[in-house]
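As stored in final-v5.txt (compact mmCIF, C-alpha atoms and all ligand atoms):
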```txt
# COMPACT_ATOMS: atom_id res chain seq x y z
CA MET Z 1 0.00 0.00 0.00
CA LYS Z 2 1.27 3.48 -0.88
CA LYS Z 3 1.92 5.58 2.22
CA SER Z 4 1.95 9.36 2.09
CA ARG Z 5 5.32 10.98 2.63
CA THR Z 6 6.63 14.34 3.63
CA LEU Z 7 8.80 16.36 1.26
CA LEU Z 8 11.80 15.67 3.52
CA GLU Z 9 11.24 11.90 3.31
CA SER Z 10 11.05 12.08 -0.50
CA PHE Z 11 14.28 14.08 -0.50
CA LYS Z 12 15.95 11.44 1.72
CA TYR Z 13 14.93 8.66 -0.70
CA ALA Z 14 16.33 10.63 -3.63
CA VAL Z 15 19.62 11.24 -1.79
CA SER Z 16 19.76 7.56 -0.84
CA GLY Z 17 19.29 6.57 -4.51
CA THR Z 18 22.03 8.98 -5.55
CA ILE Z 19 24.44 7.61 -2.90
CA TYR Z 20 23.60 4.04 -3.96
CA SER Z 21 24.44 4.88 -7.58
CA PHE Z 22 27.77 6.43 -6.62
CA LYS Z 23 28.68 3.52 -4.34
CA THR Z 24 27.80 0.74 -6.73
CA GLN Z 25 28.48 2.16 -10.21
CA ARG Z 26 32.13 2.53 -11.15
CA ASN Z 27 31.21 4.54 -14.28
CA ILE Z 28 29.35 7.13 -12.22
CA ARG Z 29 32.39 7.55 -9.95
CA ILE Z 30 34.59 8.03 -13.02
CA HIS Z 31 32.15 10.61 -14.46
CA PHE Z 32 32.02 12.36 -11.10
CA LEU Z 33 35.83 12.60 -10.83
CA THR Z 34 36.01 13.84 -14.44
CA ALA Z 35 33.34 16.44 -13.64
CA ILE Z 36 35.26 17.65 -10.56
CA THR Z 37 38.44 17.95 -12.66
CA VAL Z 38 36.59 19.89 -15.38
CA LEU Z 39 35.07 22.24 -12.80
CA LEU Z 40 38.46 22.77 -11.13
CA VAL Z 41 40.19 23.76 -14.39
CA SER Z 42 37.26 25.86 -15.69
CA PRO Z 43 38.27 29.06 -13.83
CA PHE Z 44 41.56 29.09 -15.78
CA PHE Z 45 39.62 29.40 -19.06
CA ASN Z 46 37.65 32.49 -18.09
CA PHE Z 47 34.41 31.04 -19.45
CA GLY Z 48 31.26 33.08 -19.87
CA ALA Z 49 27.88 32.21 -18.37
CA ILE Z 50 26.68 30.24 -21.42
CA GLU Z 51 29.81 28.09 -21.55
CA LEU Z 52 29.52 27.33 -17.84
CA LEU Z 53 25.83 26.46 -18.30
CA ILE Z 54 26.69 24.09 -21.15
CA ILE Z 55 29.40 22.46 -19.00
CA PHE Z 56 27.01 22.05 -16.02
CA PHE Z 57 24.24 20.63 -18.23
CA THR Z 58 26.66 18.25 -19.92
CA ILE Z 59 27.96 16.94 -16.59
CA ALA Z 60 24.41 16.59 -15.23
CA LEU Z 61 23.22 14.83 -18.41
CA VAL Z 62 25.96 12.17 -18.20
CA ILE Z 63 25.35 11.47 -14.51
CA ILE Z 64 21.55 11.49 -14.93
CA THR Z 65 21.63 9.03 -17.84
CA GLU Z 66 23.99 6.76 -15.86
CA MET Z 67 21.56 6.82 -12.93
CA ILE Z 68 18.56 6.09 -15.18
CA ASN Z 69 20.58 3.26 -16.75
CA THR Z 70 21.24 1.86 -13.25
CA ALA Z 71 17.53 2.11 -12.39
CA ILE Z 72 16.55 0.30 -15.61
CA GLU Z 73 19.20 -2.42 -15.13
CA THR Z 74 18.04 -2.98 -11.55
CA THR Z 75 14.39 -3.15 -12.60
CA VAL Z 76 15.14 -5.61 -15.40
CA ASP Z 77 17.15 -7.78 -12.97
CA LEU Z 78 14.20 -7.67 -10.56
CA VAL Z 79 11.83 -8.88 -13.27
CA THR Z 80 14.07 -11.62 -14.66
CA GLU Z 81 17.49 -13.07 -14.09
CA LYS Z 82 17.07 -15.31 -17.13
CA TYR Z 83 17.98 -14.29 -20.66
CA HIS Z 84 15.08 -12.52 -22.33
CA PRO Z 85 15.23 -10.57 -25.62
CA LEU Z 86 13.10 -7.77 -24.14
CA ALA Z 87 15.43 -7.52 -21.13
CA GLU Z 88 18.31 -7.26 -23.57
CA ILE Z 89 16.57 -4.47 -25.51
CA ALA Z 90 15.75 -2.54 -22.32
CA LYS Z 91 19.35 -2.73 -21.05
CA ASN Z 92 20.89 -1.99 -24.44
CA VAL Z 93 18.65 1.05 -25.02
CA ALA Z 94 19.50 2.37 -21.55
CA ALA Z 95 23.19 1.85 -22.29
CA GLY Z 96 22.68 3.65 -25.61
CA ALA Z 97 21.34 6.69 -23.75
CA VAL Z 98 24.54 6.77 -21.68
CA LEU Z 99 26.61 6.44 -24.84
CA ILE Z 100 24.87 9.40 -26.48
CA SER Z 101 25.32 11.62 -23.41
CA ALA Z 102 29.00 10.61 -23.22
CA LEU Z 103 29.51 11.42 -26.93
CA ASN Z 104 27.82 14.76 -26.34
CA ALA Z 105 30.27 15.40 -23.47
CA VAL Z 106 33.22 14.66 -25.77
CA VAL Z 107 31.90 17.10 -28.42
CA VAL Z 108 31.24 19.79 -25.77
CA GLY Z 109 34.70 19.24 -24.28
CA TYR Z 110 36.29 19.50 -27.71
CA LEU Z 111 34.42 22.66 -28.70
CA ILE Z 112 34.72 24.47 -25.39
CA PHE Z 113 38.09 23.37 -24.05
CA ILE Z 114 40.19 22.36 -27.03
CA LYS Z 115 39.01 23.89 -30.30
CA ASP Z 116 38.79 27.46 -29.02
CA CYS Z 117 42.16 27.25 -27.31
CA ILE Z 118 43.93 25.83 -30.37
CA THR Z 119 42.29 27.99 -33.04
CA SER Z 120 42.22 31.21 -31.04
CA PRO Z 121 45.59 32.13 -29.52
CA GLY Z 122 45.05 34.48 -26.64
CA PHE Z 123 41.77 32.82 -25.78
CA PHE Z 124 42.86 32.28 -22.18
CA PHE Z 125 41.71 35.07 -19.88
CA SER Z 126 40.46 37.07 -22.88
CA GLY Z 127 36.84 37.16 -21.74
CA SER Z 128 35.55 36.50 -25.26
CA GLY Z 129 35.30 32.71 -24.97
CA MET Z 130 31.51 32.71 -24.81
CA ARG Z 131 31.04 34.28 -28.25
CA ARG Z 132 33.67 31.97 -29.77
CA SER Z 133 32.05 28.84 -28.38
CA ILE Z 134 28.63 29.81 -29.70
CA SER Z 135 30.09 30.30 -33.18
CA SER Z 136 31.88 26.95 -32.83
CA LEU Z 137 28.51 25.26 -32.25
CA TRP Z 138 27.25 26.76 -35.52
CA VAL Z 139 30.32 25.50 -37.35
CA LEU Z 140 29.59 21.94 -36.11
N1 LIG H 1 18.32 -10.74 -18.53
C1 LIG H 1 18.98 -10.44 -19.66
N2 LIG H 1 18.49 -10.87 -20.84
C2 LIG H 1 19.11 -10.58 -22.00
N3 LIG H 1 20.25 -9.89 -22.10
C3 LIG H 1 20.78 -9.40 -20.96
C4 LIG H 1 20.18 -9.66 -19.69
N4 LIG H 1 20.94 -9.06 -18.74
C5 LIG H 1 21.94 -8.46 -19.39
N5 LIG H 1 21.86 -8.65 -20.73
C6 LIG H 1 22.78 -8.15 -21.76
O1 LIG H 1 24.05 -7.91 -21.17
C7 LIG H 1 24.39 -6.53 -21.26
C8 LIG H 1 25.07 -6.12 -19.99
O2 LIG H 1 24.12 -6.17 -18.94
P1 LIG H 1 24.51 -5.91 -17.44
O3 LIG H 1 23.32 -5.99 -16.59
O4 LIG H 1 25.66 -6.79 -17.09
O5 LIG H 1 24.99 -4.42 -17.50
P2 LIG H 1 26.46 -3.92 -17.27
O6 LIG H 1 27.25 -4.16 -18.52
O7 LIG H 1 26.93 -4.49 -15.98
O8 LIG H 1 26.21 -2.39 -17.16
P3 LIG H 1 26.91 -1.41 -16.17
O9 LIG H 1 28.37 -1.56 -16.46
O10 LIG H 1 26.32 -0.09 -16.56
O11 LIG H 1 26.50 -1.89 -14.81
C9 LIG H 1 23.07 -5.81 -21.52
O12 LIG H 1 23.27 -4.59 -22.20
C10 LIG H 1 22.30 -6.83 -22.35
O13 LIG H 1 22.70 -6.77 -23.69
```

Would you mind writing the structure in this file as C-alpha cells?
Amino acid sequence: MKKSRTLLESFKYAVSGTIYSFKTQRNIRIHFLTAITVLLVSPFFNFGAIELLIIFFTIALVIITEMINTAIETTVDLVTEKYHPLAEIAKNVAAGAVLISALNAVVVGYLIFIKDCITSPGFFFSGSGMRRSISSLWVL
C-alpha cells in the first residue's frame, strides 16, 4: 500500500538513490571525478555564463543518464534473471542513452576546451570565450 510521505522523506529517498548509484556504479564515480576535474580547471579558461551552463548541463546529463541506466538495469534484474530478448533491448537502449550523453560530453569538451584554445591564440583570460564557443557550435 502506498503511504503518504513528507517532502523531507522524498528528498531522503532521492539522496539515498544517488548515494547508492555512486557507491555501486564505477562509471558514475569516473564521471564524477572527471566532472570535478573539469570544474576545477574551468576558472583558468575564463568562461562566460553560457559556456559554464553548457558544462554544467553536460555533466548533469551524463550522470543522470547513468543513474537512469542503473535504475533500468536494476528493474530488469528484478523482473528476470534469465535471458530474455526484451530484457536485452531494455538494457541496451539504456546503455545507448549513456553512450549518447557521453559522446555529447566529448563534443562539448572539444568545442569548449580544445578547439577554441587551439584555433584562437590568446583565448585564455580574454573574456571572449563565450562568443567563440557559440560560433563553434554553428560551425559543427
Ligand atoms: N536478462 C537479460 N536478458 C538478455 N540480455 C541481458 C540480460 N541481462 C543483461 N543482458 C545483456 O548484457 C548486457 C550487460 O548487462 P549488465 O546488466 O551486465 O549491465 P552492465 O554491462 O553491468 O552495465 P553497467 O556496467 O552499466 O553496470 C546488456 O546490455 C544486455 O545486452

TODO: Tell me, as an MDAnalysis selection string, which residues lie within 10 Å of region 18-23 of chain Z, counting all atoms listed in the file; anything in the same chain fewer than 6 positions away does not count.
DONE: chainID Z and resid 12 29:32 63:64 66:68 70:71

Sort by chain and increasing residue number a table of all residues of chain Z within 9 Å of ligand LIG 1 (chain H), each with its closest pair of atoms and their distance in Å to one decimal, counting only C-alpha atoms and all ligand atoms, and write it as a Markdown table.
```
| residue | atom | partner | partner_atom | distance |
| --- | --- | --- | --- | --- |
| Z:Thr24 | CA | H:LIG1 | O11 | 8.6 |
| Z:Gln25 | CA | H:LIG1 | O11 | 6.4 |
| Z:Arg26 | CA | H:LIG1 | O9 | 7.7 |
| Z:Asn27 | CA | H:LIG1 | O9 | 7.1 |
| Z:Ile28 | CA | H:LIG1 | O10 | 9.0 |
| Z:Glu66 | CA | H:LIG1 | O10 | 7.3 |
| Z:Asn69 | CA | H:LIG1 | O10 | 6.6 |
| Z:Thr70 | CA | H:LIG1 | O10 | 6.4 |
| Z:Glu73 | CA | H:LIG1 | O3 | 5.6 |
| Z:Thr74 | CA | H:LIG1 | O3 | 7.9 |
| Z:Val76 | CA | H:LIG1 | N1 | 6.8 |
| Z:Asp77 | CA | H:LIG1 | N1 | 6.4 |
| Z:Val79 | CA | H:LIG1 | N1 | 8.6 |
| Z:Thr80 | CA | H:LIG1 | N1 | 5.8 |
| Z:Glu81 | CA | H:LIG1 | N1 | 5.1 |
| Z:Lys82 | CA | H:LIG1 | N1 | 4.9 |
| Z:Tyr83 | CA | H:LIG1 | N2 | 3.5 |
| Z:His84 | CA | H:LIG1 | N2 | 4.1 |
| Z:Pro85 | CA | H:LIG1 | C2 | 5.3 |
| Z:Leu86 | CA | H:LIG1 | C2 | 7.0 |
| Z:Ala87 | CA | H:LIG1 | N2 | 4.5 |
| Z:Glu88 | CA | H:LIG1 | N3 | 3.6 |
| Z:Ile89 | CA | H:LIG1 | O13 | 6.8 |
| Z:Ala90 | CA | H:LIG1 | O12 | 7.8 |
| Z:Lys91 | CA | H:LIG1 | O12 | 4.5 |
| Z:Asn92 | CA | H:LIG1 | O12 | 4.2 |
| Z:Val93 | CA | H:LIG1 | O12 | 7.8 |
| Z:Ala94 | CA | H:LIG1 | O12 | 7.9 |
| Z:Ala95 | CA | H:LIG1 | O12 | 6.4 |
| Z:Gly96 | CA | H:LIG1 | O12 | 8.9 |
| Z:Val98 | CA | H:LIG1 | O10 | 8.7 |
```

Open item on the list: Report, in Å to a single decimal, how far apart CA of Leu39 (chain Z) and CA of Ile55 (chain Z) are.
Closed with: 8.4 Å

- [ ] Quote the spacing between CA of Thr6 (chain Z) and CA of Val62 (chain Z) in Å to one decimal place.
- [x]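 These two atoms are separated by 29.2 Å.
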
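Residue nearest Phe45 (chain Z) within the list Z:Phe113, Z:Ser101, Z:Ser16, Z:Leu33: Z:Phe113 [criterion: smallest interatomic distance, all atoms listed in the file].
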
Task: Contact residues around Val106 (chain Z) with only C-alpha atoms at 12 Å, ignoring same-chain residues under 4 positions, as a list of chain:residue names - done: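 Listed by chain and then number, they are Z:Thr34, Z:Ile55, Z:Thr58, Z:Ile59, Z:Val62, Z:Leu99, Z:Ile100, Z:Ser101, Z:Ala102, Z:Tyr110, Z:Leu111, Z:Ile112, Z:Phe113, Z:Ile114, Z:Lys115.
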
Task: Computed interatomic separation between CA of Leu103 (chain Z) and CA of Pro43 (chain Z) (Å) - done: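 So the answer is 23.7 Å.
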
Open item on the list: Just checking: using all atoms listed in the file, which residue out of Z:Leu7, Z:Val108, Z:Ile36, Z:Val41 ends up closest to Leu53 (chain Z)?
Closed with: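 Among the listed residues, the smallest separation from Leu53 (chain Z) belongs to Z:Val108.
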
Task: Selected residue of minimal separation from Gly109 (chain Z) among Z:Ile72, Z:Phe11, Z:Ala35, Z:Leu78, counting only C-alpha atoms - done: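 Comparing Z:Ile72, Z:Phe11, Z:Ala35, Z:Leu78 against Gly109 (chain Z), the winner is Z:Ala35.
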